[in-house]
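Source file: target25.cif (mmCIF, C-alpha atoms, pLDDT in the B column; chains and numbers go by the auth columns)
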```cif
data_run
#
loop_
_atom_site.group_PDB
_atom_site.id
_atom_site.type_symbol
_atom_site.label_atom_id
_atom_site.label_comp_id
_atom_site.label_asym_id
_atom_site.label_seq_id
_atom_site.Cartn_x
_atom_site.Cartn_y
_atom_site.Cartn_z
_atom_site.B_iso_or_equiv
_atom_site.auth_seq_id
_atom_site.auth_asym_id
ATOM 1 C CA ARG A 1 0.000 0.000 0.000 69.00 1 A
ATOM 2 C CA PRO A 2 1.401 3.434 -0.949 73.00 2 A
ATOM 3 C CA GLN A 3 0.388 4.965 2.408 76.00 3 A
ATOM 4 C CA LEU A 4 2.245 2.308 4.400 84.00 4 A
ATOM 5 C CA LEU A 5 5.257 2.600 2.104 85.00 5 A
ATOM 6 C CA LEU A 6 5.425 6.372 2.615 84.00 6 A
ATOM 7 C CA LEU A 7 5.040 5.944 6.375 89.00 7 A
ATOM 8 C CA GLY A 8 7.808 3.354 6.449 90.00 8 A
ATOM 9 C CA LEU A 9 10.092 5.568 4.369 89.00 9 A
ATOM 10 C CA SER A 10 9.398 8.560 6.632 89.00 10 A
ATOM 11 C CA VAL A 11 10.224 6.595 9.772 91.00 11 A
ATOM 12 C CA SER A 12 13.344 5.003 8.266 93.00 12 A
ATOM 13 C CA PHE A 13 14.489 8.403 6.999 91.00 13 A
ATOM 14 C CA LEU A 14 14.196 10.020 10.435 90.00 14 A
ATOM 15 C CA ILE A 15 15.955 7.114 12.151 91.00 15 A
ATOM 16 C CA GLY A 16 18.807 7.098 9.649 92.00 16 A
ATOM 17 C CA ALA A 17 19.185 10.886 9.657 90.00 17 A
ATOM 18 C CA ARG A 18 19.329 10.999 13.450 88.00 18 A
ATOM 19 C CA LEU A 19 21.699 8.052 13.734 91.00 19 A
ATOM 20 C CA LEU A 20 24.230 9.415 11.250 91.00 20 A
ATOM 21 C CA ASN A 21 24.131 12.833 12.898 87.00 21 A
ATOM 22 C CA PHE A 22 24.732 11.196 16.273 87.00 22 A
ATOM 23 C CA ILE A 23 27.740 9.289 14.930 88.00 23 A
ATOM 24 C CA ILE A 24 29.477 12.251 13.310 87.00 24 A
ATOM 25 C CA ASN A 25 28.371 14.859 15.853 83.00 25 A
ATOM 26 C CA HIS A 26 28.315 12.920 19.123 81.00 26 A
ATOM 27 C CA HIS A 27 30.328 15.560 20.990 77.00 27 A
ATOM 28 C CA ILE A 28 27.411 17.995 20.545 76.00 28 A
ATOM 29 C CA TYR A 29 24.990 15.426 21.966 74.00 29 A
ATOM 30 C CA ALA A 30 27.287 14.998 24.964 74.00 30 A
ATOM 31 C CA THR A 31 27.415 18.718 25.765 72.00 31 A
ATOM 32 C CA THR A 32 23.860 19.879 24.946 70.00 32 A
ATOM 33 C CA ASN A 33 20.288 18.790 25.643 68.00 33 A
ATOM 34 C CA LEU A 34 20.111 17.180 22.202 70.00 34 A
ATOM 35 C CA ASN A 35 19.822 13.406 22.408 71.00 35 A
ATOM 36 C CA LEU A 36 19.423 10.458 20.078 71.00 36 A
ATOM 37 C CA PHE A 37 15.717 10.035 20.858 70.00 37 A
ATOM 38 C CA THR A 38 14.631 13.664 20.700 68.00 38 A
ATOM 39 C CA PHE A 39 11.672 14.636 18.534 66.00 39 A
ATOM 40 C CA LYS A 40 13.143 18.047 17.740 66.00 40 A
ATOM 41 C CA ALA A 41 13.581 18.878 14.055 65.00 41 A
ATOM 42 C CA ALA A 42 17.293 19.307 14.621 68.00 42 A
ATOM 43 C CA GLY A 43 20.327 17.098 14.558 73.00 43 A
ATOM 44 C CA LEU A 44 19.456 15.345 11.297 81.00 44 A
ATOM 45 C CA SER A 45 21.889 14.343 8.539 89.00 45 A
ATOM 46 C CA LEU A 46 20.302 14.006 5.111 91.00 46 A
ATOM 47 C CA TYR A 47 22.350 11.128 3.759 93.00 47 A
ATOM 48 C CA GLY A 48 21.744 8.975 6.795 93.00 48 A
ATOM 49 C CA GLY A 49 18.027 9.257 6.101 92.00 49 A
ATOM 50 C CA ILE A 50 18.479 8.545 2.396 93.00 50 A
ATOM 51 C CA ILE A 51 20.638 5.474 3.044 93.00 51 A
ATOM 52 C CA PHE A 52 18.169 4.004 5.559 94.00 52 A
ATOM 53 C CA SER A 53 15.256 4.661 3.197 94.00 53 A
ATOM 54 C CA ILE A 54 17.075 2.936 0.343 93.00 54 A
ATOM 55 C CA LEU A 55 17.837 -0.037 2.587 94.00 55 A
ATOM 56 C CA LEU A 56 14.126 -0.317 3.400 93.00 56 A
ATOM 57 C CA LEU A 57 13.259 -0.216 -0.307 92.00 57 A
ATOM 58 C CA ILE A 58 15.816 -2.918 -1.064 92.00 58 A
ATOM 59 C CA ILE A 59 14.313 -5.132 1.650 92.00 59 A
ATOM 60 C CA LEU A 60 10.817 -4.559 0.258 90.00 60 A
ATOM 61 C CA HIS A 61 12.121 -5.262 -3.231 87.00 61 A
ATOM 62 C CA PHE A 62 13.105 -8.774 -2.201 88.00 62 A
ATOM 63 C CA LEU A 63 10.201 -9.433 0.181 87.00 63 A
ATOM 64 C CA LYS A 64 7.314 -7.796 -1.687 82.00 64 A
ATOM 65 C CA LYS A 65 8.767 -7.692 -5.198 84.00 65 A
ATOM 66 C CA ILE A 66 8.276 -3.938 -5.549 86.00 66 A
ATOM 67 C CA ASN A 67 10.010 -2.304 -8.504 88.00 67 A
ATOM 68 C CA LEU A 68 12.790 -0.403 -6.778 89.00 68 A
ATOM 69 C CA TRP A 69 13.598 2.010 -9.602 92.00 69 A
ATOM 70 C CA GLU A 70 9.995 2.828 -10.438 90.00 70 A
ATOM 71 C CA VAL A 71 9.380 3.746 -6.788 91.00 71 A
ATOM 72 C CA THR A 72 12.493 5.903 -6.457 93.00 72 A
ATOM 73 C CA ASP A 73 11.836 7.661 -9.789 93.00 73 A
ATOM 74 C CA ALA A 74 8.312 8.497 -8.599 91.00 74 A
ATOM 75 C CA LEU A 75 9.720 9.918 -5.350 91.00 75 A
ATOM 76 C CA ILE A 76 12.189 12.336 -6.955 93.00 76 A
ATOM 77 C CA LEU A 77 9.652 15.139 -7.475 92.00 77 A
ATOM 78 C CA PRO A 78 8.229 15.101 -3.909 91.00 78 A
ATOM 79 C CA PHE A 79 11.723 14.661 -2.483 92.00 79 A
ATOM 80 C CA GLY A 80 13.138 17.606 -4.426 93.00 80 A
ATOM 81 C CA LEU A 81 10.230 19.886 -3.528 94.00 81 A
ATOM 82 C CA SER A 82 10.362 18.796 0.129 92.00 82 A
ATOM 83 C CA PHE A 83 14.105 19.424 0.261 93.00 83 A
ATOM 84 C CA PHE A 84 13.597 22.888 -1.224 95.00 84 A
ATOM 85 C CA MET A 85 10.928 23.763 1.382 93.00 85 A
ATOM 86 C CA MET A 86 13.079 22.312 4.164 90.00 86 A
ATOM 87 C CA ARG A 87 15.987 24.528 3.147 91.00 87 A
ATOM 88 C CA ILE A 88 13.723 27.591 3.058 91.00 88 A
ATOM 89 C CA GLY A 89 12.707 26.670 6.607 87.00 89 A
ATOM 90 C CA CYS A 90 16.370 26.388 7.592 84.00 90 A
ATOM 91 C CA PHE A 91 17.028 29.815 6.102 85.00 91 A
ATOM 92 C CA LEU A 92 14.168 31.433 8.020 81.00 92 A
ATOM 93 C CA ASN A 93 15.220 29.661 11.208 77.00 93 A
ATOM 94 C CA GLY A 94 18.840 30.707 10.741 73.00 94 A
ATOM 95 C CA CYS A 95 20.323 27.215 10.956 77.00 95 A
ATOM 96 C CA CYS A 96 22.732 25.557 8.501 79.00 96 A
ATOM 97 C CA PHE A 97 24.151 28.971 7.626 81.00 97 A
ATOM 98 C CA GLY A 98 27.358 29.677 5.735 87.00 98 A
ATOM 99 C CA GLU A 99 30.650 31.387 6.361 88.00 99 A
ATOM 100 C CA PHE A 100 31.157 35.140 6.545 87.00 100 A
ATOM 101 C CA THR A 101 31.555 36.783 3.163 88.00 101 A
ATOM 102 C CA THR A 102 31.880 40.120 1.398 87.00 102 A
ATOM 103 C CA SER A 103 30.260 38.635 -1.710 86.00 103 A
ATOM 104 C CA PHE A 104 27.113 40.180 -3.174 87.00 104 A
ATOM 105 C CA LEU A 105 25.486 36.807 -2.508 88.00 105 A
ATOM 106 C CA GLY A 106 25.834 37.265 1.246 88.00 106 A
ATOM 107 C CA VAL A 107 22.844 38.063 3.460 86.00 107 A
ATOM 108 C CA ASN A 108 22.915 40.386 6.443 80.00 108 A
ATOM 109 C CA VAL A 109 22.821 38.870 9.908 71.00 109 A
ATOM 110 C CA PRO A 110 22.530 40.947 13.124 58.00 110 A
ATOM 111 C CA PRO A 111 25.885 40.639 14.958 58.00 111 A
ATOM 112 C CA ASN A 112 24.199 39.904 18.299 52.00 112 A
ATOM 113 C CA LEU A 113 22.592 36.807 16.796 51.00 113 A
ATOM 114 C CA ILE A 114 25.821 35.283 15.526 51.00 114 A
ATOM 115 C CA ASP A 115 27.073 32.319 17.506 49.00 115 A
ATOM 116 C CA THR A 116 28.879 29.051 16.831 45.00 116 A
ATOM 117 C CA SER A 117 26.110 26.610 17.705 47.00 117 A
ATOM 118 C CA ASN A 118 25.018 26.290 14.040 45.00 118 A
ATOM 119 C CA THR A 119 21.569 27.540 15.058 47.00 119 A
ATOM 120 C CA LEU A 120 20.489 31.158 14.746 48.00 120 A
ATOM 121 C CA PRO A 121 17.091 32.658 15.486 46.00 121 A
ATOM 122 C CA PHE A 122 15.134 34.158 12.617 46.00 122 A
ATOM 123 C CA PHE A 123 17.301 36.901 11.205 49.00 123 A
ATOM 124 C CA ASN A 124 16.611 40.192 9.476 49.00 124 A
ATOM 125 C CA LEU A 125 17.924 40.793 5.967 50.00 125 A
ATOM 126 C CA ILE A 126 17.691 44.582 6.061 47.00 126 A
ATOM 127 C CA GLY A 127 19.750 47.186 7.860 48.00 127 A
ATOM 128 C CA SER A 128 23.258 48.461 8.486 49.00 128 A
ATOM 129 C CA ASN A 129 26.012 47.246 10.798 52.00 129 A
ATOM 130 C CA PHE A 130 25.218 43.655 9.877 61.00 130 A
ATOM 131 C CA SER A 131 27.626 40.849 9.046 73.00 131 A
ATOM 132 C CA LYS A 132 27.128 39.069 5.756 84.00 132 A
ATOM 133 C CA MET A 133 27.058 35.283 5.551 88.00 133 A
ATOM 134 C CA HIS A 134 26.608 32.848 2.685 91.00 134 A
ATOM 135 C CA PRO A 135 22.930 31.736 2.535 91.00 135 A
ATOM 136 C CA THR A 136 23.970 28.126 2.002 93.00 136 A
ATOM 137 C CA GLN A 137 20.427 26.998 2.780 92.00 137 A
ATOM 138 C CA LEU A 138 19.240 28.854 -0.317 94.00 138 A
ATOM 139 C CA TYR A 139 22.141 27.597 -2.417 95.00 139 A
ATOM 140 C CA GLU A 140 21.146 24.003 -1.729 95.00 140 A
ATOM 141 C CA GLY A 141 17.402 24.587 -1.855 95.00 141 A
ATOM 142 C CA ILE A 142 17.423 26.492 -5.139 96.00 142 A
ATOM 143 C CA GLY A 143 19.907 24.022 -6.595 96.00 143 A
ATOM 144 C CA ALA A 144 17.629 21.115 -5.682 96.00 144 A
ATOM 145 C CA LEU A 145 14.603 22.897 -7.162 95.00 145 A
ATOM 146 C CA ILE A 146 16.393 23.699 -10.422 96.00 146 A
ATOM 147 C CA GLY A 147 17.446 20.063 -10.673 95.00 147 A
ATOM 148 C CA VAL A 148 13.879 18.834 -10.235 93.00 148 A
ATOM 149 C CA ILE A 149 12.620 21.208 -12.942 93.00 149 A
ATOM 150 C CA VAL A 150 15.379 20.305 -15.412 94.00 150 A
ATOM 151 C CA PHE A 151 15.187 16.548 -14.920 91.00 151 A
ATOM 152 C CA TYR A 152 11.418 16.517 -15.160 87.00 152 A
ATOM 153 C CA ILE A 153 11.586 18.466 -18.406 90.00 153 A
ATOM 154 C CA ILE A 154 13.907 15.837 -19.887 90.00 154 A
ATOM 155 C CA LYS A 155 12.543 12.798 -18.038 86.00 155 A
ATOM 156 C CA ASP A 156 10.913 11.385 -21.188 85.00 156 A
ATOM 157 C CA ARG A 157 14.395 11.145 -22.665 88.00 157 A
ATOM 158 C CA LEU A 158 15.573 9.151 -19.649 85.00 158 A
ATOM 159 C CA LYS A 159 13.992 5.973 -20.919 84.00 159 A
ATOM 160 C CA VAL A 160 15.835 3.653 -18.528 91.00 160 A
ATOM 161 C CA PRO A 161 14.023 3.162 -15.176 91.00 161 A
ATOM 162 C CA GLY A 162 16.313 4.385 -12.431 93.00 162 A
ATOM 163 C CA TRP A 163 18.158 6.963 -14.488 94.00 163 A
ATOM 164 C CA LEU A 164 16.033 9.803 -13.119 94.00 164 A
ATOM 165 C CA THR A 165 16.886 8.687 -9.579 94.00 165 A
ATOM 166 C CA LEU A 166 20.583 8.239 -10.248 95.00 166 A
ATOM 167 C CA PHE A 167 21.121 11.371 -12.337 95.00 167 A
ATOM 168 C CA TYR A 168 19.271 13.549 -9.845 96.00 168 A
ATOM 169 C CA GLY A 169 21.143 11.902 -6.977 95.00 169 A
ATOM 170 C CA ILE A 170 24.491 12.592 -8.645 97.00 170 A
ATOM 171 C CA TYR A 171 23.464 16.168 -9.417 97.00 171 A
ATOM 172 C CA LEU A 172 22.269 16.918 -5.869 96.00 172 A
ATOM 173 C CA THR A 173 25.381 15.332 -4.363 97.00 173 A
ATOM 174 C CA ILE A 174 27.596 17.566 -6.501 97.00 174 A
ATOM 175 C CA ILE A 175 25.577 20.618 -5.398 97.00 175 A
ATOM 176 C CA ARG A 176 25.880 19.663 -1.724 96.00 176 A
ATOM 177 C CA TRP A 177 29.598 18.919 -2.092 97.00 177 A
ATOM 178 C CA ILE A 178 30.216 22.396 -3.517 96.00 178 A
ATOM 179 C CA VAL A 179 28.080 24.133 -0.871 96.00 179 A
ATOM 180 C CA PHE A 180 29.767 22.060 1.849 95.00 180 A
ATOM 181 C CA TYR A 181 32.872 24.272 1.626 94.00 181 A
ATOM 182 C CA PHE A 182 30.849 27.440 2.220 93.00 182 A
ATOM 183 C CA ARG A 183 29.124 26.244 5.404 91.00 183 A
ATOM 184 C CA ILE A 184 30.042 26.658 9.055 85.00 184 A
ATOM 185 C CA LEU A 185 29.880 23.146 10.476 85.00 185 A
ATOM 186 C CA PRO A 186 30.401 21.943 14.068 80.00 186 A
ATOM 187 C CA TYR A 187 31.998 18.650 13.036 86.00 187 A
ATOM 188 C CA LYS A 188 35.391 17.263 13.936 88.00 188 A
ATOM 189 C CA THR A 189 38.258 17.457 11.461 91.00 189 A
ATOM 190 C CA TRP A 190 37.920 13.834 10.358 93.00 190 A
ATOM 191 C CA VAL A 191 34.308 14.448 9.357 92.00 191 A
ATOM 192 C CA LEU A 192 35.104 17.637 7.426 93.00 192 A
ATOM 193 C CA ASP A 193 38.283 16.453 5.717 94.00 193 A
ATOM 194 C CA TYR A 194 37.573 12.782 5.136 95.00 194 A
ATOM 195 C CA PHE A 195 34.079 11.502 5.909 94.00 195 A
ATOM 196 C CA TYR A 196 31.877 13.847 3.896 95.00 196 A
ATOM 197 C CA PRO A 197 34.221 14.291 0.900 96.00 197 A
ATOM 198 C CA GLY A 198 34.639 10.512 0.821 97.00 198 A
ATOM 199 C CA LEU A 199 30.882 9.988 1.090 96.00 199 A
ATOM 200 C CA TYR A 200 30.130 12.433 -1.713 97.00 200 A
ATOM 201 C CA LEU A 201 32.758 10.922 -4.001 97.00 201 A
ATOM 202 C CA SER A 202 31.594 7.376 -3.251 97.00 202 A
ATOM 203 C CA LEU A 203 27.959 8.228 -3.997 96.00 203 A
ATOM 204 C CA ILE A 204 28.868 9.861 -7.298 97.00 204 A
ATOM 205 C CA ILE A 205 30.976 6.858 -8.360 97.00 205 A
ATOM 206 C CA ILE A 206 28.238 4.422 -7.320 96.00 206 A
ATOM 207 C CA GLY A 207 25.643 6.494 -9.181 96.00 207 A
ATOM 208 C CA ILE A 208 27.703 6.483 -12.383 97.00 208 A
ATOM 209 C CA PHE A 209 28.388 2.741 -12.064 97.00 209 A
ATOM 210 C CA LEU A 210 24.704 1.916 -11.568 96.00 210 A
ATOM 211 C CA SER A 211 23.689 4.205 -14.446 95.00 211 A
ATOM 212 C CA ILE A 212 26.015 2.339 -16.815 94.00 212 A
ATOM 213 C CA LYS A 213 24.833 -1.013 -15.485 94.00 213 A
ATOM 214 C CA LEU A 214 21.159 -0.094 -16.013 93.00 214 A
ATOM 215 C CA TYR A 215 21.926 1.121 -19.523 90.00 215 A
ATOM 216 C CA LYS A 216 23.658 -2.132 -20.450 90.00 216 A
ATOM 217 C CA LYS A 217 20.784 -4.126 -18.972 88.00 217 A
ATOM 218 C CA SER A 218 18.243 -2.124 -20.966 83.00 218 A
ATOM 219 C CA ARG A 219 20.200 -2.718 -24.174 79.00 219 A
ATOM 220 C CA VAL A 220 20.153 -6.467 -23.545 74.00 220 A
ATOM 221 C CA ASN A 221 16.407 -6.451 -22.858 65.00 221 A
ATOM 222 C CA TYR A 222 15.693 -4.605 -26.092 54.00 222 A
#
```
Output the file's structure as structure tokens, nothing else.
Amino acid sequence: RPQLLLLGLSVSFLIGARLLNFIINHHIYATTNLNLFTFKAAGLSLYGGIIFSILLLIILHFLKKINLWEVTDALILPFGLSFFMMRIGCFLNGCCFGEFTTSFLGVNVPPNLIDTSNTLPFFNLIGSNFSKMHPTQLYEGIGALIGVIVFYIIKDRLKVPGWLTLFYGIYLTIIRWIVFYFRILPYKTWVLDYFYPGLYLSLIIIGIFLSIKLYKKSRVNY
């Protein structure tokens, strides 16, 4: 049933997102009131949620014989739109912000609201005597939205089931990898220098490998 599938994916996403954030950010959990079982909409890592959701789909693929690629292709539009809205929410909340900048892309943040906890209250974009920061939430959100629009315009040309999922996944990972270097992040050095760059690179390589494999399989079938 679609409703049960969506519920299962939502639960698995939240569990995976929280668990990965706990692993890479456990020092924050140890020094704040944030904990592994909190229901706050904070302390979530996107790729942990995606990985857990994919694992659930793989299990259902073998147990219930669902078509994995058809399901993931159908989820790209709601995922992309949800990610865009989530990033707008992050922007308005002041979390997930970027580094200080003199670039014209920077937004003004009241100096008294700047801290290092990676969470700012709602900030004003107008006024003087403000410090500019990269609106990395908007970079990612707009990038995700543009990707959804572009890939849905050309989706009829992506005749191989799964290509929409993989191409959009590769695209979004590249966007997040670029934006990663403009963000202020509370992670340890090993996470910043090795874990996330390695994760991004691995996902891109896996995406390309699976795209080629699906193409070869489609050629054999036809």
query = A:Leu9, A:Leu192, A:Leu199, A:Leu210: which is nearest Trp69 in chain A, counting all atoms listed in the file?
reply =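 Smallest separation from Trp69 in chain A among the options: A:Leu210.
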Nearest-residue call for Pro78 in chain A, choices A:Leu185, A:Ile149, A:Ile170, A:Ile54, using only C-alpha atoms =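 Residue with the minimum atom-to-atom distance to Pro78 in chain A: A:Ile149.
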Contact residues around Leu77 in chain A with all atoms listed in the file at 10 Å, ignoring same-chain residues under 3 positions, as JSON, numbers by chain = {"A": [72, 73, 74, 80, 81, 82, 83, 145, 147, 148, 149, 151, 152, 165]}
inquiry  = Measuring between only C-alpha atoms, which one of A:Phe167, A:Tyr181, A:Tyr196, A:Phe104 shows the shortest distance to Gly48 in chain A?
reply    =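 Using only C-alpha atoms, the shortest distance to Gly48 in chain A belongs to A:Tyr196.
The space between CA of Ile50 in chain A and CA of Ile15 in chain A spans 10.2 Å.
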query = Which one of A:Asn25, A:Ser12, A:Thr32, A:Ser211 sits closest to Leu56 in chain A if you count all atoms listed in the file?
reply =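 With all atoms listed in the file as the atom set, the closest residue is A:Ser12.
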Please write out, as AutoDock Vina command-line options, where the centre of an axis-aligned box around all listed atoms of range 8-20 of chain A lies and how long its edges are, in Å to one decimal, after adding 5 Å on each side.
```
--center_x 16.0 --center_y 7.2 --center_z 9.1 --size_x 26.4 --size_y 17.6 --size_z 19.4
```
query = Which polymer residues have any atom within 12 Å of an atom of Ser218 in chain A, counting all atoms listed in the file, with same-chain residues fewer than 3 positions away left out, as a VMD selection string?
reply = chain A and resid 158 to 163 211 to 215 221 to 222
Best match for closeness to Leu46 in chain A among A:Ile154, A:Leu172, A:Leu63, A:Ile88, counting all atoms listed in the file = A:Leu172
Report as a tab-separated table (two decimals) with C-alpha atoms, in the frame of the given file the full result of the PyMOL selection byres ((chain A and resi 16) around 9) when it is applied to this structure.
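Dumped everything to part.tsv:
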```tsv
chain	number	residue	atom	x	y	z
A	11	VAL	CA	10.22	6.60	9.77
A	12	SER	CA	13.34	5.00	8.27
A	13	PHE	CA	14.49	8.40	7.00
A	14	LEU	CA	14.20	10.02	10.44
A	15	ILE	CA	15.96	7.11	12.15
A	17	ALA	CA	19.18	10.89	9.66
A	18	ARG	CA	19.33	11.00	13.45
A	19	LEU	CA	21.70	8.05	13.73
A	20	LEU	CA	24.23	9.41	11.25
A	21	ASN	CA	24.13	12.83	12.90
A	44	LEU	CA	19.46	15.34	11.30
A	45	SER	CA	21.89	14.34	8.54
A	46	LEU	CA	20.30	14.01	5.11
A	47	TYR	CA	22.35	11.13	3.76
A	48	GLY	CA	21.74	8.98	6.80
A	49	GLY	CA	18.03	9.26	6.10
A	50	ILE	CA	18.48	8.54	2.40
A	51	ILE	CA	20.64	5.47	3.04
A	52	PHE	CA	18.17	4.00	5.56
A	53	SER	CA	15.26	4.66	3.20
```
key: Atom-to-atom span, CA of Val191 in chain A and CA of Gly143 in chain A, Å   = 23.5 Å
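The coordinates place CA of Tyr187 in chain A at 8.8 Å from CA of Ile28 in chain A.
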query = From the set A:Phe37, A:Tyr168, A:Trp177, A:Phe91, which residue has the shortest atom-to-atom contact distance to Gly207 in chain A, counting only C-alpha atoms?
reply = A:Tyr168
message = Please enumerate the residues selected by the PyMOL selection byres ((chain A and resi 182) around 12) when evaluated against the supplied file, formatted as a PyMOL selection string.
response = chain A and resi 96-101+103+105-106+133-140+175-181+183-185+192
Create the file for the chosen residues now, containing C-alpha atoms and written as a compact mmCIF listing (two decimals), in the frame of the given file.
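Done, and the output landed in result.txt:
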```txt
# COMPACT_ATOMS: atom_id res chain seq x y z
CA CYS A 96 22.73 25.56 8.50
CA PHE A 97 24.15 28.97 7.63
CA GLY A 98 27.36 29.68 5.74
CA GLU A 99 30.65 31.39 6.36
CA PHE A 100 31.16 35.14 6.54
CA THR A 101 31.56 36.78 3.16
CA SER A 103 30.26 38.64 -1.71
CA LEU A 105 25.49 36.81 -2.51
CA GLY A 106 25.83 37.26 1.25
CA MET A 133 27.06 35.28 5.55
CA HIS A 134 26.61 32.85 2.68
CA PRO A 135 22.93 31.74 2.54
CA THR A 136 23.97 28.13 2.00
CA GLN A 137 20.43 27.00 2.78
CA LEU A 138 19.24 28.85 -0.32
CA TYR A 139 22.14 27.60 -2.42
CA GLU A 140 21.15 24.00 -1.73
CA ILE A 175 25.58 20.62 -5.40
CA ARG A 176 25.88 19.66 -1.72
CA TRP A 177 29.60 18.92 -2.09
CA ILE A 178 30.22 22.40 -3.52
CA VAL A 179 28.08 24.13 -0.87
CA PHE A 180 29.77 22.06 1.85
CA TYR A 181 32.87 24.27 1.63
CA ARG A 183 29.12 26.24 5.40
CA ILE A 184 30.04 26.66 9.06
CA LEU A 185 29.88 23.15 10.48
CA LEU A 192 35.10 17.64 7.43
```
Output requested as an mmCIF file, in the frame of the given file - range 25-31 of chain A, filled out with all heavy atoms.
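For reference, result_26.cif as written:
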```cif
data_model
loop_
_atom_site.group_PDB
_atom_site.id
_atom_site.type_symbol
_atom_site.label_atom_id
_atom_site.label_comp_id
_atom_site.auth_asym_id
_atom_site.auth_seq_id
_atom_site.Cartn_x
_atom_site.Cartn_y
_atom_site.Cartn_z
ATOM 1 N N ASN A 25 28.509 13.640 15.067
ATOM 2 C CA ASN A 25 28.371 14.859 15.853
ATOM 3 C C ASN A 25 28.130 14.536 17.327
ATOM 4 O O ASN A 25 27.486 15.309 18.027
ATOM 5 C CB ASN A 25 27.183 15.670 15.305
ATOM 6 C CG ASN A 25 27.415 17.170 15.376
ATOM 7 O OD1 ASN A 25 28.529 17.644 15.556
ATOM 8 N ND2 ASN A 25 26.340 17.918 15.243
ATOM 9 N N HIS A 26 28.659 13.399 17.781
ATOM 10 C CA HIS A 26 28.315 12.920 19.123
ATOM 11 C C HIS A 26 28.791 13.848 20.226
ATOM 12 O O HIS A 26 28.225 13.865 21.328
ATOM 13 C CB HIS A 26 28.886 11.509 19.345
ATOM 14 C CG HIS A 26 30.383 11.431 19.208
ATOM 15 N ND1 HIS A 26 31.231 11.680 20.252
ATOM 16 C CD2 HIS A 26 31.158 11.130 18.138
ATOM 17 C CE1 HIS A 26 32.488 11.544 19.840
ATOM 18 N NE2 HIS A 26 32.461 11.215 18.567
ATOM 19 N N HIS A 27 29.840 14.643 19.964
ATOM 20 C CA HIS A 27 30.328 15.560 20.990
ATOM 21 C C HIS A 27 29.304 16.649 21.306
ATOM 22 O O HIS A 27 29.250 17.151 22.433
ATOM 23 C CB HIS A 27 31.651 16.199 20.561
ATOM 24 C CG HIS A 27 31.556 16.994 19.293
ATOM 25 N ND1 HIS A 27 31.427 16.407 18.045
ATOM 26 C CD2 HIS A 27 31.573 18.334 19.065
ATOM 27 C CE1 HIS A 27 31.374 17.346 17.130
ATOM 28 N NE2 HIS A 27 31.447 18.519 17.714
ATOM 29 N N ILE A 28 28.476 17.019 20.308
ATOM 30 C CA ILE A 28 27.411 17.995 20.545
ATOM 31 C C ILE A 28 26.324 17.376 21.421
ATOM 32 O O ILE A 28 25.792 18.018 22.334
ATOM 33 C CB ILE A 28 26.813 18.479 19.215
ATOM 34 C CG1 ILE A 28 27.876 19.209 18.383
ATOM 35 C CG2 ILE A 28 25.609 19.385 19.461
ATOM 36 C CD1 ILE A 28 28.376 20.488 19.016
ATOM 37 N N TYR A 29 25.999 16.119 21.167
ATOM 38 C CA TYR A 29 24.990 15.426 21.966
ATOM 39 C C TYR A 29 25.452 15.305 23.425
ATOM 40 O O TYR A 29 24.632 15.332 24.341
ATOM 41 C CB TYR A 29 24.715 14.034 21.395
ATOM 42 C CG TYR A 29 23.912 14.048 20.116
ATOM 43 C CD1 TYR A 29 24.495 14.373 18.898
ATOM 44 C CD2 TYR A 29 22.558 13.730 20.127
ATOM 45 C CE1 TYR A 29 23.748 14.389 17.726
ATOM 46 C CE2 TYR A 29 21.806 13.736 18.959
ATOM 47 C CZ TYR A 29 22.410 14.074 17.765
ATOM 48 O OH TYR A 29 21.669 14.084 16.612
ATOM 49 N N ALA A 30 26.753 15.175 23.614
ATOM 50 C CA ALA A 30 27.287 14.998 24.964
ATOM 51 C C ALA A 30 27.314 16.298 25.762
ATOM 52 O O ALA A 30 27.359 16.271 27.000
ATOM 53 C CB ALA A 30 28.697 14.412 24.892
ATOM 54 N N THR A 31 27.275 17.435 25.071
ATOM 55 C CA THR A 31 27.415 18.718 25.765
ATOM 56 C C THR A 31 26.161 19.594 25.694
ATOM 57 O O THR A 31 26.147 20.704 26.225
ATOM 58 C CB THR A 31 28.605 19.508 25.172
ATOM 59 O OG1 THR A 31 28.405 19.674 23.752
ATOM 60 C CG2 THR A 31 29.912 18.764 25.402
#
```
